[in-house]
>>> print(open('query22.pdb').read())   # PDB, C-alpha atoms
ATOM      1  CA  MET A 789      -7.122 -59.381 120.195  1.00  0.00           C
ATOM      2  CA  TYR A 790      -4.473 -59.714 117.628  1.00  0.00           C
ATOM      3  CA  PRO A 791      -3.160 -56.510 116.209  1.00  0.00           C
ATOM      4  CA  ARG A 792      -4.615 -55.688 112.726  1.00  0.00           C
ATOM      5  CA  ALA A 793      -2.113 -56.320 110.026  1.00  0.00           C
ATOM      6  CA  ASN A 794      -1.021 -53.345 108.013  1.00  0.00           C
ATOM      7  CA  THR A 795      -2.867 -53.352 104.706  1.00  0.00           C
ATOM      8  CA  ALA A 796      -0.762 -52.432 101.653  1.00  0.00           C
ATOM      9  CA  LEU A 797      -2.140 -49.660  99.537  1.00  0.00           C
ATOM     10  CA  GLN A 798      -3.407 -50.950  96.238  1.00  0.00           C
ATOM     11  CA  ALA A 799      -2.080 -49.148  93.181  1.00  0.00           C
ATOM     12  CA  LYS A 800      -4.778 -47.490  91.152  1.00  0.00           C
ATOM     13  CA  PRO A 801      -4.570 -48.412  87.510  1.00  0.00           C
ATOM     14  CA  SER A 802      -3.531 -45.596  85.173  1.00  0.00           C
ATOM     15  CA  SER A 803      -6.249 -44.742  82.726  1.00  0.00           C
ATOM     16  CA  ALA A 804      -3.696 -42.843  80.603  1.00  0.00           C
ATOM     17  CA  PHE A 805      -1.489 -45.917  80.259  1.00  0.00           C
ATOM     18  CA  HIS A 806      -4.499 -48.083  79.490  1.00  0.00           C
ATOM     19  CA  ALA A 807      -5.629 -45.690  76.735  1.00  0.00           C
ATOM     20  CA  PHE A 808      -2.100 -45.494  75.340  1.00  0.00           C
ATOM     21  CA  SER A 809      -1.338 -49.199  75.283  1.00  0.00           C
ATOM     22  CA  GLY A 810      -4.807 -50.372  74.322  1.00  0.00           C
ATOM     23  CA  ARG A 811      -4.354 -53.392  76.603  1.00  0.00           C
ATOM     24  CA  SER A 812      -6.049 -54.280  79.861  1.00  0.00           C
ATOM     25  CA  THR A 813      -3.940 -54.188  83.006  1.00  0.00           C
ATOM     26  CA  ALA A 814      -3.950 -56.482  85.969  1.00  0.00           C
ATOM     27  CA  PHE A 815      -6.020 -53.928  87.847  1.00  0.00           C
ATOM     28  CA  ALA A 816      -8.532 -53.209  85.117  1.00  0.00           C
ATOM     29  CA  THR A 817     -12.065 -54.464  85.465  1.00  0.00           C
ATOM     30  CA  THR A 818     -14.059 -56.000  82.674  1.00  0.00           C
ATOM     31  CA  SER A 819     -16.882 -53.839  81.405  1.00  0.00           C
ATOM     32  CA  PRO A 820     -20.144 -55.703  80.763  1.00  0.00           C
ATOM     33  CA  PHE A 821     -20.614 -53.459  77.698  1.00  0.00           C
ATOM     34  CA  ALA A 822     -17.294 -54.373  76.056  1.00  0.00           C
ATOM     35  CA  THR A 823     -17.752 -56.720  73.128  1.00  0.00           C
ATOM     36  CA  PHE A 824     -14.194 -56.854  71.854  1.00  0.00           C
ATOM     37  CA  GLN A 825     -10.742 -55.600  72.719  1.00  0.00           C
ATOM     38  CA  GLN A 826      -9.077 -53.282  70.230  1.00  0.00           C
ATOM     39  CA  ALA A 827      -5.385 -53.812  69.596  1.00  0.00           C
ATOM     40  CA  PRO A 828      -2.974 -50.846  69.609  1.00  0.00           C
ATOM     41  CA  ILE A 829      -2.348 -49.184  66.291  1.00  0.00           C
ATOM     42  CA  TRP A 830       1.251 -50.410  66.031  1.00  0.00           C
ATOM     43  CA  SER A 831       0.154 -54.034  66.289  1.00  0.00           C
ATOM     44  CA  THR A 832      -2.364 -53.745  63.448  1.00  0.00           C
ATOM     45  CA  SER A 833      -1.206 -55.633  60.409  1.00  0.00           C
ATOM     46  CA  ALA A 834      -0.901 -54.025  56.990  1.00  0.00           C
ATOM     47  CA  ASN A 835      -3.455 -56.449  55.642  1.00  0.00           C
ATOM     48  CA  THR A 836      -6.069 -55.115  58.041  1.00  0.00           C
ATOM     49  CA  LEU A 837      -5.352 -51.548  57.057  1.00  0.00           C
ATOM     50  CA  ASN A 838      -5.545 -52.437  53.372  1.00  0.00           C
ATOM     51  CA  GLY A 839      -8.950 -54.030  53.780  1.00  0.00           C
ATOM     52  CA  SER A 840      -8.179 -57.730  54.267  1.00  0.00           C
ATOM     53  CA  HIS A 841     -11.134 -60.061  54.754  1.00  0.00           C
ATOM     54  CA  ASP A 842     -12.279 -60.903  58.247  1.00  0.00           C
ATOM     55  CA  ALA A 843     -12.089 -64.600  59.016  1.00  0.00           C
ATOM     56  CA  ASP A 844     -15.528 -64.693  60.653  1.00  0.00           C
ATOM     57  CA  THR A 845     -17.615 -62.313  58.585  1.00  0.00           C
ATOM     58  CA  GLY A 846     -15.865 -62.639  55.207  1.00  0.00           C
ATOM     59  CA  SER A 847     -15.971 -58.850  54.801  1.00  0.00           C
ATOM     60  CA  SER A 848     -13.320 -56.168  55.036  1.00  0.00           C
ATOM     61  CA  PRO A 849     -13.263 -52.822  56.868  1.00  0.00           C
ATOM     62  CA  THR A 850     -12.921 -50.996  53.531  1.00  0.00           C
ATOM     63  CA  ARG A 851     -15.868 -52.809  52.028  1.00  0.00           C
ATOM     64  CA  ALA A 852     -17.999 -52.226  55.113  1.00  0.00           C
ATOM     65  CA  PHE A 853     -17.130 -48.532  55.061  1.00  0.00           C
ATOM     66  CA  LEU A 854     -18.033 -48.147  51.373  1.00  0.00           C
ATOM     67  CA  GLU A 855     -21.305 -50.035  51.853  1.00  0.00           C
ATOM     68  CA  SER A 856     -22.305 -47.733  54.698  1.00  0.00           C
ATOM     69  CA  ASN A 857     -21.165 -44.591  52.859  1.00  0.00           C
ATOM     70  CA  PRO A 858     -22.684 -44.400  49.354  1.00  0.00           C
ATOM     71  CA  LEU A 859     -21.072 -41.048  48.603  1.00  0.00           C
ATOM     72  CA  ALA A 860     -17.606 -42.377  49.406  1.00  0.00           C
ATOM     73  CA  ALA A 861     -18.240 -45.444  47.251  1.00  0.00           C
ATOM     74  CA  ALA A 862     -19.348 -43.262  44.342  1.00  0.00           C
ATOM     75  CA  SER A 863     -16.255 -41.078  44.658  1.00  0.00           C
ATOM     76  CA  ARG A 864     -13.994 -44.127  44.705  1.00  0.00           C
ATOM     77  CA  SER A 865     -15.720 -45.566  41.642  1.00  0.00           C
ATOM     78  CA  ALA A 866     -15.380 -42.285  39.741  1.00  0.00           C
ATOM     79  CA  ALA A 867     -11.696 -42.068  40.615  1.00  0.00           C
ATOM     80  CA  VAL A 868     -10.866 -45.450  39.082  1.00  0.00           C
ATOM     81  CA  GLN A 869     -13.172 -45.080  36.093  1.00  0.00           C
ATOM     82  CA  LYS A 870     -11.338 -44.736  32.803  1.00  0.00           C
ATOM     83  CA  VAL A 871     -11.917 -41.649  30.703  1.00  0.00           C
ATOM     84  CA  VAL A 872     -13.316 -42.496  27.281  1.00  0.00           C
ATOM     85  CA  THR A 873     -12.646 -40.002  24.482  1.00  0.00           C
ATOM     86  CA  VAL A 874     -15.264 -39.743  21.763  1.00  0.00           C
ATOM     87  CA  THR A 875     -13.774 -38.767  18.380  1.00  0.00           C
ATOM     88  CA  GLY A 876     -16.740 -39.313  16.070  1.00  0.00           C
ATOM     89  CA  GLU A 877     -14.794 -41.991  14.205  1.00  0.00           C
ATOM     90  CA  GLU A 878     -16.094 -44.938  16.234  1.00  0.00           C
ATOM     91  CA  ASP A 879     -18.359 -46.190  13.417  1.00  0.00           C
ATOM     92  CA  GLU A 880     -15.712 -45.794  10.708  1.00  0.00           C
ATOM     93  CA  GLU A 881     -12.649 -47.697   9.579  1.00  0.00           C
ATOM     94  CA  VAL A 882      -9.431 -46.258   8.178  1.00  0.00           C
ATOM     95  CA  VAL A 883      -8.954 -46.975   4.467  1.00  0.00           C
ATOM     96  CA  THR A 884      -5.668 -45.094   4.239  1.00  0.00           C
ATOM     97  CA  GLU A 885      -3.831 -42.528   6.353  1.00  0.00           C
ATOM     98  CA  LEU A 886      -1.045 -40.006   5.842  1.00  0.00           C
ATOM     99  CA  LYS A 887       0.827 -38.557   8.811  1.00  0.00           C
ATOM    100  CA  GLY A 888       2.709 -35.280   8.757  1.00  0.00           C
ATOM    101  CA  ALA A 889       0.750 -33.849   5.818  1.00  0.00           C
ATOM    102  CA  LYS A 890      -0.103 -30.208   5.210  1.00  0.00           C
ATOM    103  CA  VAL A 891      -3.363 -28.604   4.114  1.00  0.00           C
ATOM    104  CA  PHE A 892      -3.885 -25.153   2.590  1.00  0.00           C
ATOM    105  CA  VAL A 893      -7.455 -23.828   2.618  1.00  0.00           C
ATOM    106  CA  LYS A 894      -8.999 -21.253   0.279  1.00  0.00           C
ATOM    107  CA  ARG A 895     -12.521 -20.004   0.950  1.00  0.00           C
ATOM    108  CA  GLY A 896     -14.377 -17.877  -1.569  1.00  0.00           C
ATOM    109  CA  ASN A 897     -12.315 -14.975  -2.938  1.00  0.00           C
ATOM    110  CA  ARG A 898      -9.767 -15.119  -0.164  1.00  0.00           C
ATOM    111  CA  ASP A 899      -6.228 -16.390  -0.664  1.00  0.00           C
ATOM    112  CA  PHE A 900      -4.948 -19.712   0.592  1.00  0.00           C
ATOM    113  CA  CYS A 901      -4.178 -19.757   4.304  1.00  0.00           C
ATOM    114  CA  GLU A 902      -0.806 -20.809   5.640  1.00  0.00           C
ATOM    115  CA  GLY A 903      -0.123 -24.538   5.657  1.00  0.00           C
ATOM    116  CA  ILE A 904      -1.535 -26.477   8.601  1.00  0.00           C
ATOM    117  CA  LEU A 905       0.416 -29.545   9.707  1.00  0.00           C
ATOM    118  CA  GLY A 906      -1.431 -32.682  10.809  1.00  0.00           C
ATOM    119  CA  ASN A 907      -2.735 -36.126   9.884  1.00  0.00           C
ATOM    120  CA  VAL A 908      -5.218 -36.884   7.119  1.00  0.00           C
ATOM    121  CA  LYS A 909      -7.334 -40.029   6.771  1.00  0.00           C
ATOM    122  CA  LEU A 910      -9.727 -41.590   4.314  1.00  0.00           C
ATOM    123  CA  LEU A 911     -12.493 -43.082   6.465  1.00  0.00           C
ATOM    124  CA  LYS A 912     -15.262 -45.473   5.473  1.00  0.00           C
ATOM    125  CA  HIS A 913     -18.477 -45.990   7.442  1.00  0.00           C
ATOM    126  CA  LYS A 914     -18.844 -49.597   8.577  1.00  0.00           C
ATOM    127  CA  GLU A 915     -22.571 -49.820   7.726  1.00  0.00           C
ATOM    128  CA  THR A 916     -23.364 -47.315   4.975  1.00  0.00           C
ATOM    129  CA  GLY A 917     -20.018 -47.438   3.167  1.00  0.00           C
ATOM    130  CA  ALA A 918     -19.887 -43.622   2.953  1.00  0.00           C
ATOM    131  CA  GLU A 919     -16.340 -42.256   2.724  1.00  0.00           C
ATOM    132  CA  ARG A 920     -14.893 -38.971   3.864  1.00  0.00           C
ATOM    133  CA  ILE A 921     -11.543 -37.189   4.099  1.00  0.00           C
ATOM    134  CA  LEU A 922     -10.678 -36.110   7.638  1.00  0.00           C
ATOM    135  CA  PHE A 923      -7.773 -33.817   8.520  1.00  0.00           C
ATOM    136  CA  ARG A 924      -6.765 -33.133  12.133  1.00  0.00           C
ATOM    137  CA  ARG A 925      -4.190 -30.483  12.956  1.00  0.00           C
ATOM    138  CA  GLU A 926      -1.242 -31.070  15.271  1.00  0.00           C
ATOM    139  CA  PRO A 927      -0.868 -31.067  18.223  1.00  0.00           C
ATOM    140  CA  VAL A 928      -4.440 -30.500  19.439  1.00  0.00           C
ATOM    141  CA  TRP A 929      -5.967 -32.776  16.732  1.00  0.00           C
ATOM    142  CA  LYS A 930      -8.741 -30.322  16.018  1.00  0.00           C
ATOM    143  CA  VAL A 931     -10.696 -31.043  12.830  1.00  0.00           C
ATOM    144  CA  THR A 932      -9.624 -28.720  10.009  1.00  0.00           C
ATOM    145  CA  MET A 933     -11.174 -30.605   7.097  1.00  0.00           C
ATOM    146  CA  SER A 934     -14.045 -33.084   6.965  1.00  0.00           C
ATOM    147  CA  VAL A 935     -15.303 -33.726   3.430  1.00  0.00           C
ATOM    148  CA  ARG A 936     -17.626 -36.567   2.479  1.00  0.00           C
ATOM    149  CA  LEU A 937     -16.835 -37.920  -0.963  1.00  0.00           C
ATOM    150  CA  ARG A 938     -19.782 -37.571  -3.329  1.00  0.00           C
ATOM    151  CA  PRO A 939     -20.242 -36.769  -7.034  1.00  0.00           C
ATOM    152  CA  THR A 940     -20.288 -32.998  -6.378  1.00  0.00           C
ATOM    153  CA  VAL A 941     -16.795 -33.094  -4.808  1.00  0.00           C
ATOM    154  CA  ARG A 942     -13.938 -32.785  -7.289  1.00  0.00           C
ATOM    155  CA  CYS A 943     -10.549 -34.356  -6.518  1.00  0.00           C
ATOM    156  CA  LEU A 944      -7.482 -33.582  -8.655  1.00  0.00           C
ATOM    157  CA  PHE A 945      -3.894 -34.691  -8.126  1.00  0.00           C
ATOM    158  CA  ASP A 946      -1.254 -32.355  -9.570  1.00  0.00           C
ATOM    159  CA  GLU A 947       1.981 -34.339  -9.678  1.00  0.00           C
ATOM    160  CA  THR A 948       3.987 -31.339 -10.882  1.00  0.00           C
ATOM    161  CA  GLN A 949       3.119 -29.224  -7.849  1.00  0.00           C
ATOM    162  CA  GLY A 950       2.775 -32.243  -5.574  1.00  0.00           C
ATOM    163  CA  ALA A 951      -0.720 -31.247  -4.429  1.00  0.00           C
ATOM    164  CA  LEU A 952      -4.045 -33.022  -4.082  1.00  0.00           C
ATOM    165  CA  ARG A 953      -6.889 -30.534  -4.517  1.00  0.00           C
ATOM    166  CA  VAL A 954     -10.354 -31.200  -3.147  1.00  0.00           C
ATOM    167  CA  THR A 955     -12.929 -28.673  -4.383  1.00  0.00           C
ATOM    168  CA  LEU A 956     -16.525 -28.350  -3.217  1.00  0.00           C
ATOM    169  CA  LYS A 957     -19.170 -25.868  -2.126  1.00  0.00           C
ATOM    170  CA  GLU A 958     -19.742 -25.318   1.568  1.00  0.00           C
ATOM    171  CA  PRO A 959     -22.464 -23.225   3.252  1.00  0.00           C
ATOM    172  CA  LEU A 960     -21.554 -19.882   4.777  1.00  0.00           C
ATOM    173  CA  GLU A 961     -22.121 -19.594   8.494  1.00  0.00           C
ATOM    174  CA  ASP A 962     -25.525 -18.207   9.498  1.00  0.00           C
ATOM    175  CA  THR A 963     -26.627 -17.916   5.859  1.00  0.00           C
ATOM    176  CA  LEU A 964     -28.275 -20.001   3.162  1.00  0.00           C
ATOM    177  CA  GLU A 965     -25.571 -19.130   0.643  1.00  0.00           C
ATOM    178  CA  GLU A 966     -22.676 -21.343  -0.426  1.00  0.00           C
ATOM    179  CA  GLN A 967     -19.084 -20.560  -1.245  1.00  0.00           C
ATOM    180  CA  LEU A 968     -16.408 -22.384  -3.204  1.00  0.00           C
ATOM    181  CA  VAL A 969     -13.803 -24.008  -0.954  1.00  0.00           C
ATOM    182  CA  VAL A 970     -10.520 -25.557  -2.078  1.00  0.00           C
ATOM    183  CA  TYR A 971      -8.454 -27.848   0.162  1.00  0.00           C
ATOM    184  CA  ALA A 972      -4.930 -28.310  -1.176  1.00  0.00           C
ATOM    185  CA  LEU A 973      -3.156 -31.226   0.469  1.00  0.00           C
ATOM    186  CA  ARG A 974       0.646 -31.506   0.301  1.00  0.00           C
ATOM    187  CA  ARG A 975       2.986 -34.177   1.567  1.00  0.00           C
ATOM    188  CA  GLY A 976       4.595 -32.125   4.389  1.00  0.00           C
ATOM    189  CA  LYS A 977       6.814 -34.514   6.349  1.00  0.00           C
ATOM    190  CA  SER A 978       5.747 -37.626   4.433  1.00  0.00           C
ATOM    191  CA  SER A 979       7.666 -39.017   1.458  1.00  0.00           C
ATOM    192  CA  ARG A 980       6.685 -38.492  -2.168  1.00  0.00           C
ATOM    193  CA  MET A 981       5.772 -42.144  -2.524  1.00  0.00           C
ATOM    194  CA  GLU A 982       3.548 -42.127   0.563  1.00  0.00           C
ATOM    195  CA  PHE A 983       1.791 -38.986  -0.618  1.00  0.00           C
ATOM    196  CA  ALA A 984       1.307 -40.381  -4.139  1.00  0.00           C
ATOM    197  CA  ASP A 985      -0.208 -43.601  -2.773  1.00  0.00           C
ATOM    198  CA  PHE A 986      -2.563 -41.642  -0.533  1.00  0.00           C
ATOM    199  CA  ALA A 987      -3.645 -39.363  -3.385  1.00  0.00           C
ATOM    200  CA  GLU A 988      -4.305 -42.377  -5.633  1.00  0.00           C
ATOM    201  CA  ALA A 989      -6.548 -43.937  -2.966  1.00  0.00           C
ATOM    202  CA  ILE A 990      -8.542 -40.691  -2.764  1.00  0.00           C
ATOM    203  CA  LEU A 991      -8.902 -40.491  -6.562  1.00  0.00           C
ATOM    204  CA  GLU A 992     -10.042 -44.103  -6.748  1.00  0.00           C
ATOM    205  CA  SER A 993     -12.760 -43.484  -4.142  1.00  0.00           C
ATOM    206  CA  ALA A 994     -13.816 -40.300  -5.951  1.00  0.00           C
ATOM    207  CA  ARG A 995     -14.095 -42.209  -9.268  1.00  0.00           C
ATOM    208  CA  SER A 996     -16.241 -44.829  -7.560  1.00  0.00           C
ATOM    209  CA  GLN A 997     -18.621 -42.077  -6.439  1.00  0.00           C
ATOM    210  CA  GLU A 998     -18.897 -40.750 -10.003  1.00  0.00           C
ATOM    211  CA  GLN A 999     -19.567 -44.209 -11.399  1.00  0.00           C
ATOM    212  CA  SER A1000     -22.278 -44.857  -8.829  1.00  0.00           C
ATOM    213  CA  ARG A1001     -23.979 -41.627  -9.875  1.00  0.00           C
ATOM    214  CA  ALA A1002     -23.933 -42.639 -13.555  1.00  0.00           C
TER     215      ALA A1002
END
>>> encode(input="query22.pdb", output="structure tokens")
Amino acid sequence: MYPRANTALQAKPSSAFHAFSGRSTAFATTSPFATFQQAPIWSTSANTLNGSHDADTGSSPTRAFLESNPLAAASRSAAVQKVVTVTGEEDEEVVTELKGAKVFVKRGNRDFCEGILGNVKLLKHKETGAERILFRREPVWKVTMSVRLRPTVRCLFDETQGALRVTLKEPLEDTLEEQLVVYALRRGKSSRMEFADFAEAILESARSQEQSRA
């Protein structure tokens, strides 16, 4: 009998290396349950990570993930949704506006408050045609004055003092009584000409209200 040849020891494949590289080795066996081979992370293209479309399915990993996770899709939609601020002026158009004006308010028997700086507008409703004076204080743009022009509202422009006075009765809080309120508008940071033009527009609208009543 011939002597049996020495058989070389076969090297056992390293499972650690296989897991690290993500590639099959010459010694690895094919699993009947494997449907695809995953590439190592460093060989994955940026397009795949960013959700590029698959050539066969026409879908992307990002899209598939969002479709299978409704909560994640809702969170993503809320994150990109724009915030819409409601001002209450959506149904109105600006007739005239004065920036950097000041308003002094007197309620009942009390003295005038200190001047409040802000922007004042004459607004007109797009459907009804109703007009109102709206003053928002800087820098928070909180409403300080909102007066709808009607025959019971008196508007007077004092050129000597450079003030536009708007006088009306407003209800007291938590009561059925009314008190006399005077809003005195001054030009503030605006020019004399700008303030005069704004005051004239207010007076013209007020006269139109009186004529409609007659």
>>> closest_residue(input="query22.pdb", among="A:Ala889, A:Arg898, A:Gly950, A:Val882", to="Lys914 in chain A", atoms="only C-alpha atoms")
A:Val882
>>> closest_residue(input="query22.pdb", among="A:Arg938, A:Ala918, A:Phe892, A:Gly876", to="Val969 in chain A", atoms="only C-alpha atoms")
A:Phe892
>>> resolve_selection(input="query22.pdb", expression="the PyMOL selection byres ((chain A and resi 912) around 8)", output="PDB file with C-alpha atoms, in the coordinates of the input")
ATOM      1  CA  GLU A 880     -15.712 -45.794  10.708  1.00  0.00           C
ATOM      2  CA  GLU A 881     -12.649 -47.697   9.579  1.00  0.00           C
ATOM      3  CA  VAL A 882      -9.431 -46.258   8.178  1.00  0.00           C
ATOM      4  CA  VAL A 883      -8.954 -46.975   4.467  1.00  0.00           C
ATOM      5  CA  LEU A 910      -9.727 -41.590   4.314  1.00  0.00           C
ATOM      6  CA  LEU A 911     -12.493 -43.082   6.465  1.00  0.00           C
ATOM      7  CA  HIS A 913     -18.477 -45.990   7.442  1.00  0.00           C
ATOM      8  CA  LYS A 914     -18.844 -49.597   8.577  1.00  0.00           C
ATOM      9  CA  GLY A 917     -20.018 -47.438   3.167  1.00  0.00           C
ATOM     10  CA  ALA A 918     -19.887 -43.622   2.953  1.00  0.00           C
ATOM     11  CA  GLU A 919     -16.340 -42.256   2.724  1.00  0.00           C
ATOM     12  CA  ARG A 920     -14.893 -38.971   3.864  1.00  0.00           C
TER      13      ARG A 920
END
>>> closest_residue(input="query22.pdb", among="A:Phe900, A:Leu937, A:Trp929, A:Arg974", to="Gln949 in chain A", atoms="only C-alpha atoms")
A:Arg974
>>> atom_distance(input="query22.pdb", atom1="CA of Pro939 in chain A", atom2="CA of Glu998 in chain A")
5.1 Å
>>> residues_around(input="query22.pdb", residues="Val928 in chain A", least_positions_apart="2", cutoff="12 Å", atoms="all atoms listed in the file", output="PyMOL selection string")
chain A and resi 904-907+923-926+930-932
>>> resolve_selection(input="query22.pdb", expression="the PyMOL selection byres ((chain A and resi 994) around 9)", output="ChimeraX atom specification")
/A:937-939,941-943,989-993,995-999
>>> resolve_selection(input="query22.pdb", expression="the PyMOL selection byres ((chain A and resi 934) around 6)", output="ChimeraX atom specification")
/A:921-922,933,935
>>> closest_residue(input="query22.pdb", among="A:Glu961, A:Glu966, A:Glu885, A:Glu877", to="Lys909 in chain A", atoms="all atoms listed in the file")
A:Glu885
>>> residues_around(input="query22.pdb", residues="Cys901 in chain A", least_positions_apart="5", cutoff="12 Å", atoms="all atoms listed in the file", output="list in words")
Lys890, Val891, Phe892, Val893, Lys894, Arg895, Gly896, Thr932, Val969, Val970, Tyr971 and Ala972 of chain A
>>> write_last_selection(input="query22.pdb", atoms="C-alpha atoms", output="CSV table (one decimal), in the coordinates of the input")
chain,number,residue,atom,x,y,z
A,890,LYS,CA,-0.1,-30.2,5.2
A,891,VAL,CA,-3.4,-28.6,4.1
A,892,PHE,CA,-3.9,-25.2,2.6
A,893,VAL,CA,-7.5,-23.8,2.6
A,894,LYS,CA,-9.0,-21.3,0.3
A,895,ARG,CA,-12.5,-20.0,1.0
A,896,GLY,CA,-14.4,-17.9,-1.6
A,932,THR,CA,-9.6,-28.7,10.0
A,969,VAL,CA,-13.8,-24.0,-1.0
A,970,VAL,CA,-10.5,-25.6,-2.1
A,971,TYR,CA,-8.5,-27.8,0.2
A,972,ALA,CA,-4.9,-28.3,-1.2
>>> closest_residue(input="query22.pdb", among="A:Phe945, A:Leu886, A:Asp879, A:Thr955", to="Gln967 in chain A", atoms="only C-alpha atoms")
A:Thr955
>>> atom_distance(input="query22.pdb", atom1="CA of Gly888 in chain A", atom2="CA of Thr948 in chain A")
20.1 Å
>>> atom_distance(input="query22.pdb", atom1="CA of Asp962 in chain A", atom2="CA of Arg936 in chain A")
21.2 Å
>>> closest_residue(input="query22.pdb", among="A:Asp899, A:Thr940, A:Lys887, A:Glu878", to="Glu958 in chain A", atoms="all atoms listed in the file")
A:Thr940
